[in-house]
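Single-structure report; data block below.
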Amino acid sequence: MLKINEKNKIYALVDCNSFFCSCERLFRPELNNAPVGVLSNNDGCFVSLSKELKVLGVPMGTPYFKVKDVCMKNNVSVFSSNFSLYSNLSDRVMQTLSQFSPRMEVYSIDEAFLDLTGFKNLNEYARMIKKIVERNTGIPVSIGVSSSKTLAKLANHIAKKSKKAEGVVVLLDQSRQDIALSKTPIGKVWGIGRALEVKLQLMGLRTAKDFRDYKNDLYIKKMFTKVGLQIKEELQGYDRFSLEELTKPKKSIMCSRSFGTPIYKLEDLKKAVANYTSSAFESLRKQKSTCGEIGVFIRTSHHHRNKTYKATNYIKLLSPTSDSRKAISCANLILDRIYKKGYKYKKAGVYLNSLQQESKKQMSLFENYDDEKALKLMQVMDRINSIEGKGTLRVAACGAGNKAWAMNRNHLSPRYVSGWSNLKQVK
DNA sequence: TCTGGGGTCCTAGGACCC
DNA sequence: TCTGGGGTCCTAGGACCC
């Protein structure tokens with residue numbers, strides 16, 4: 001099999017600092033240097049912690065009741081989560097980021113990868129991105145730049161921690177990579193979770209550098225599957241998890257909640273699940289999919305041994321649907337099957353599986369470009385030129401297939417140049 | 001007493017077919 | 001009585017992420 005060995009990509013990972021906390025702070029500037037935390041549904045656990053709260057020794061995911069005292073004593077501002085606000089602000093951040101590269105992957109609500117391949121003065125460019133995002137949205141970000149997503153992620157991690165870095169780390173030369181990787185515990189590497197961490201440590205691999213330099217690839221593949229080997233190669237700087245610009249439609253959708261107060265009765269479960277079903281179907285219709293299978297689960301608390309019960313069951317639909325009323329009657333049927341009397345239910349949810357697109361017309365950002373997208377490309381070009389000098393990059397639009405790209409002049413092929421005049425006309 | 005919600009990908013193993 | 005072997009598809013469950 002051909003192994004592609006060129007390290008020719010450059011990715012930036014832009015990550016919002018303590019995102020939910022930062023969102024809350026936008027409306028309470030007086031909290032800017034104070035400890036802030038945001039809680040999950042039912043105010044269960046912390047899902048976002050400001051730097052000042054982390055310093056107090058509260059780890060991510062801690063149940064609130066366990067640290068309530070600490071919070072009171074230290075005057076911590078604790079918020080219930082407000083996801084519609086966060087998702088609004090996220091859109092604004094992403095919108096701003098899209099001005100800095102023609103290729104971008106929105107990875108999560110608070111993170112995006114930018115393809116900066118071919119760009120120069122990366123440090124300066126990244127600092128400009130950081131400054132402009134903060135100015136336009138009020139959300140502070142950290143940026144890590146390197147030749148694979150995994151390394152960019154690692155660089156970002158350092159950018160967050162190191163004071164000297166001031167929020168931006170470009171991790172490209174070998175000696176700096178060696179130092180950074182040798183200081184990174186193996187479990188901190190993106191894609192290495194608790195289970196793999198244990199296995200790797202048993203092999204004597206304690207740091208990211210140990211793993212990167214481990215010689216036996218076949219053994220890695222056997223022990224950690226294809227993905228494990230890919231992570232190792234990403235640490236070596238090879239691009240194995242390439243950028244995914246398209247926001248693909250979801251393959252499954254679920255909606256579930258824990259109950260603040262437990263539920264005992266079947267009819268109450270049915271009401272709750274009906275609500276979850278309608279909101280799951282809203283997402284389903286939004287991405288123009290139909291659903292071919294519906295599943296429901298109910299469970300008691302898993303934190304106490306005695307009298308636990310959990311059950312899941314599915315119904316396959318003869319004809320896929322996006323009509324939530326049909327789905328709700330299925331959900332009720334399932335609940336009739338799995339409900340057992342006498343239990344204290346703490347959580348329930350609905351799964352939508354076997355999703356299919358109603359129409360296959362999925363467009364990438366720059367496919368079927370229109371005036372607006374073309375103008376956006378011009379914007380990107382201006383940004384790039386402002387830092388690298390005019391003429392470094394050129395924006396071209398390709399007539400065939402209606403694709404438009406911004407690219408390095410050196411990589412400009414005649415095929416793309418042909419569309420150049422097109423785009424100028426648009427401007 | 002009180003412990004989130006929403007996803008993806010991969011593999012092993014069983015069912016089934018020829 | 002002896003009881004093959006290879007392929008595909010599906011599902012459950014584990015691992016990971018934010």
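If you're wondering about the labels, chains in the structure tokens are A, B, ... by order shown, residues count from 1 in each chain, ligands from 1 in order shown.
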
Review point. Counting only C-alpha atoms (C1' of nucleotides), what is within 12 Å of B:DG13, bar same-chain residues fewer than 4 positions away, as a list in words?
Key: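 So, after excluding close chain neighbours, the residues are DC10, DT11, DA12 and DG13 of chain C.
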
Review point. Just asking: which residues within stretch 168-221 of chain A are strand (DSSP E or B) according to DSSP, as a ChimeraX atom specification?
Key: /A:168-170,185,207

Exercise for review: Write out as a list in words every residue belonging to chain C that has an atom at most 12 Å from any atom of chain A, counting only C-alpha atoms (C1' of nucleotides).
Suggested key: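 Contact residues on the first chain: DG14, DA15, DC16, DC17 and DC18 of chain C.
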
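For the atom pair formed by atom CA of A:Val133 and atom CA of A:Leu114, the distance is 13.6 Å, given to one decimal.
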
Practice item. Would you please give, as a PyMOL selection string, all residues of stretch 42-274 of chain A that DSSP assigns to alpha helix (DSSP H) based on the backbone? Key: chain A and resi 51-55+64-73+83-97+122-137+149-161+174-182+194-202+208-213+217-235+266-274

Review point. Do you know which residues are at most 8 Å from A:Thr62 counting only C-alpha atoms (C1' of nucleotides), after dropping those on the same chain fewer than 5 positions away, and could you put them as a ChimeraX atom specification?
Key: /A:45-46,67 /B:3

Can you write just those residues out, N, CA and C atoms (P, O5', C5', C4', C3', O3' and C1' of nucleotides), as a JSON list (two decimals), in the first residue's frame?
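Result file is selection.json:
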[["chain", "number", "residue", "atom", "x", "y", "z"],
["A", 45, "CYS", "N", -24.03, 18.68, 36.38],
["A", 45, "CYS", "CA", -22.56, 18.75, 36.42],
["A", 45, "CYS", "C", -22.07, 20.03, 35.77],
["A", 46, "PHE", "N", -20.82, 20.35, 36.05],
["A", 46, "PHE", "CA", -20.18, 21.46, 35.35],
["A", 46, "PHE", "C", -19.82, 21.02, 33.94],
["A", 67, "VAL", "N", -19.34, 20.17, 45.01],
["A", 67, "VAL", "CA", -18.43, 21.29, 45.20],
["A", 67, "VAL", "C", -19.18, 22.58, 45.54],
["B", 3, "DT", "P", -28.93, 13.12, 40.35],
["B", 3, "DT", "O5'", -27.44, 13.39, 39.93],
["B", 3, "DT", "C5'", -27.00, 14.64, 39.44],
["B", 3, "DT", "C4'", -25.74, 14.37, 38.63],
["B", 3, "DT", "C3'", -25.92, 13.27, 37.57],
["B", 3, "DT", "O3'", -25.25, 13.67, 36.40],
["B", 3, "DT", "C1'", -24.13, 12.73, 38.98]]

Practice item. Mind checking which residues fall within 12 Å of B:DT1, counting only C-alpha atoms (C1' of nucleotides), ignoring those fewer than 4 positions away in the same chain, and posting them as a list in words? Key: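 Non-adjacent residues within range: Phe65, Lys66 and Thr261 of chain A.
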
Next, dump the selected residues to file, keeping only all heavy atoms, as a PDB file, in the first residue's frame.
ATOM      1  N   PHE A  65     -23.342  19.364  43.286  1.00  0.00           N
ATOM      2  CA  PHE A  65     -23.571  19.207  44.733  1.00  0.00           C
ATOM      3  C   PHE A  65     -22.284  18.886  45.484  1.00  0.00           C
ATOM      4  O   PHE A  65     -22.150  19.195  46.651  1.00  0.00           O
ATOM      5  CB  PHE A  65     -24.642  18.146  44.999  1.00  0.00           C
ATOM      6  CG  PHE A  65     -24.198  16.731  44.776  1.00  0.00           C
ATOM      7  CD1 PHE A  65     -23.631  16.003  45.808  1.00  0.00           C
ATOM      8  CD2 PHE A  65     -24.359  16.122  43.533  1.00  0.00           C
ATOM      9  CE1 PHE A  65     -23.238  14.679  45.623  1.00  0.00           C
ATOM     10  CE2 PHE A  65     -23.963  14.812  43.338  1.00  0.00           C
ATOM     11  CZ  PHE A  65     -23.399  14.095  44.377  1.00  0.00           C
ATOM     12  N   LYS A  66     -21.315  18.280  44.767  1.00  0.00           N
ATOM     13  CA  LYS A  66     -20.078  17.898  45.448  1.00  0.00           C
ATOM     14  C   LYS A  66     -19.178  19.082  45.762  1.00  0.00           C
ATOM     15  O   LYS A  66     -18.296  18.973  46.615  1.00  0.00           O
ATOM     16  CB  LYS A  66     -19.297  16.900  44.588  1.00  0.00           C
ATOM     17  CG  LYS A  66     -19.828  15.496  44.642  1.00  0.00           C
ATOM     18  CD  LYS A  66     -18.831  14.530  44.018  1.00  0.00           C
ATOM     19  CE  LYS A  66     -19.362  13.106  44.108  1.00  0.00           C
ATOM     20  NZ  LYS A  66     -18.516  12.179  43.344  1.00  0.00           N
ATOM     21  N   THR A 261     -36.967  15.431  38.952  1.00  0.00           N
ATOM     22  CA  THR A 261     -37.629  14.565  39.931  1.00  0.00           C
ATOM     23  C   THR A 261     -37.999  13.267  39.220  1.00  0.00           C
ATOM     24  O   THR A 261     -38.447  13.297  38.074  1.00  0.00           O
ATOM     25  CB  THR A 261     -38.905  15.220  40.480  1.00  0.00           C
ATOM     26  OG1 THR A 261     -39.649  15.723  39.363  1.00  0.00           O
ATOM     27  CG2 THR A 261     -38.579  16.375  41.397  1.00  0.00           C
TER      28      THR A 261
END

Point to revise | Residues near B:DG5, cut-off 10 Å, only C-alpha atoms (C1' of nucleotides), skip fewer than 2 positions along chain, as a ChimeraX atom specification | key: /A:40-41,254-258 /B:7
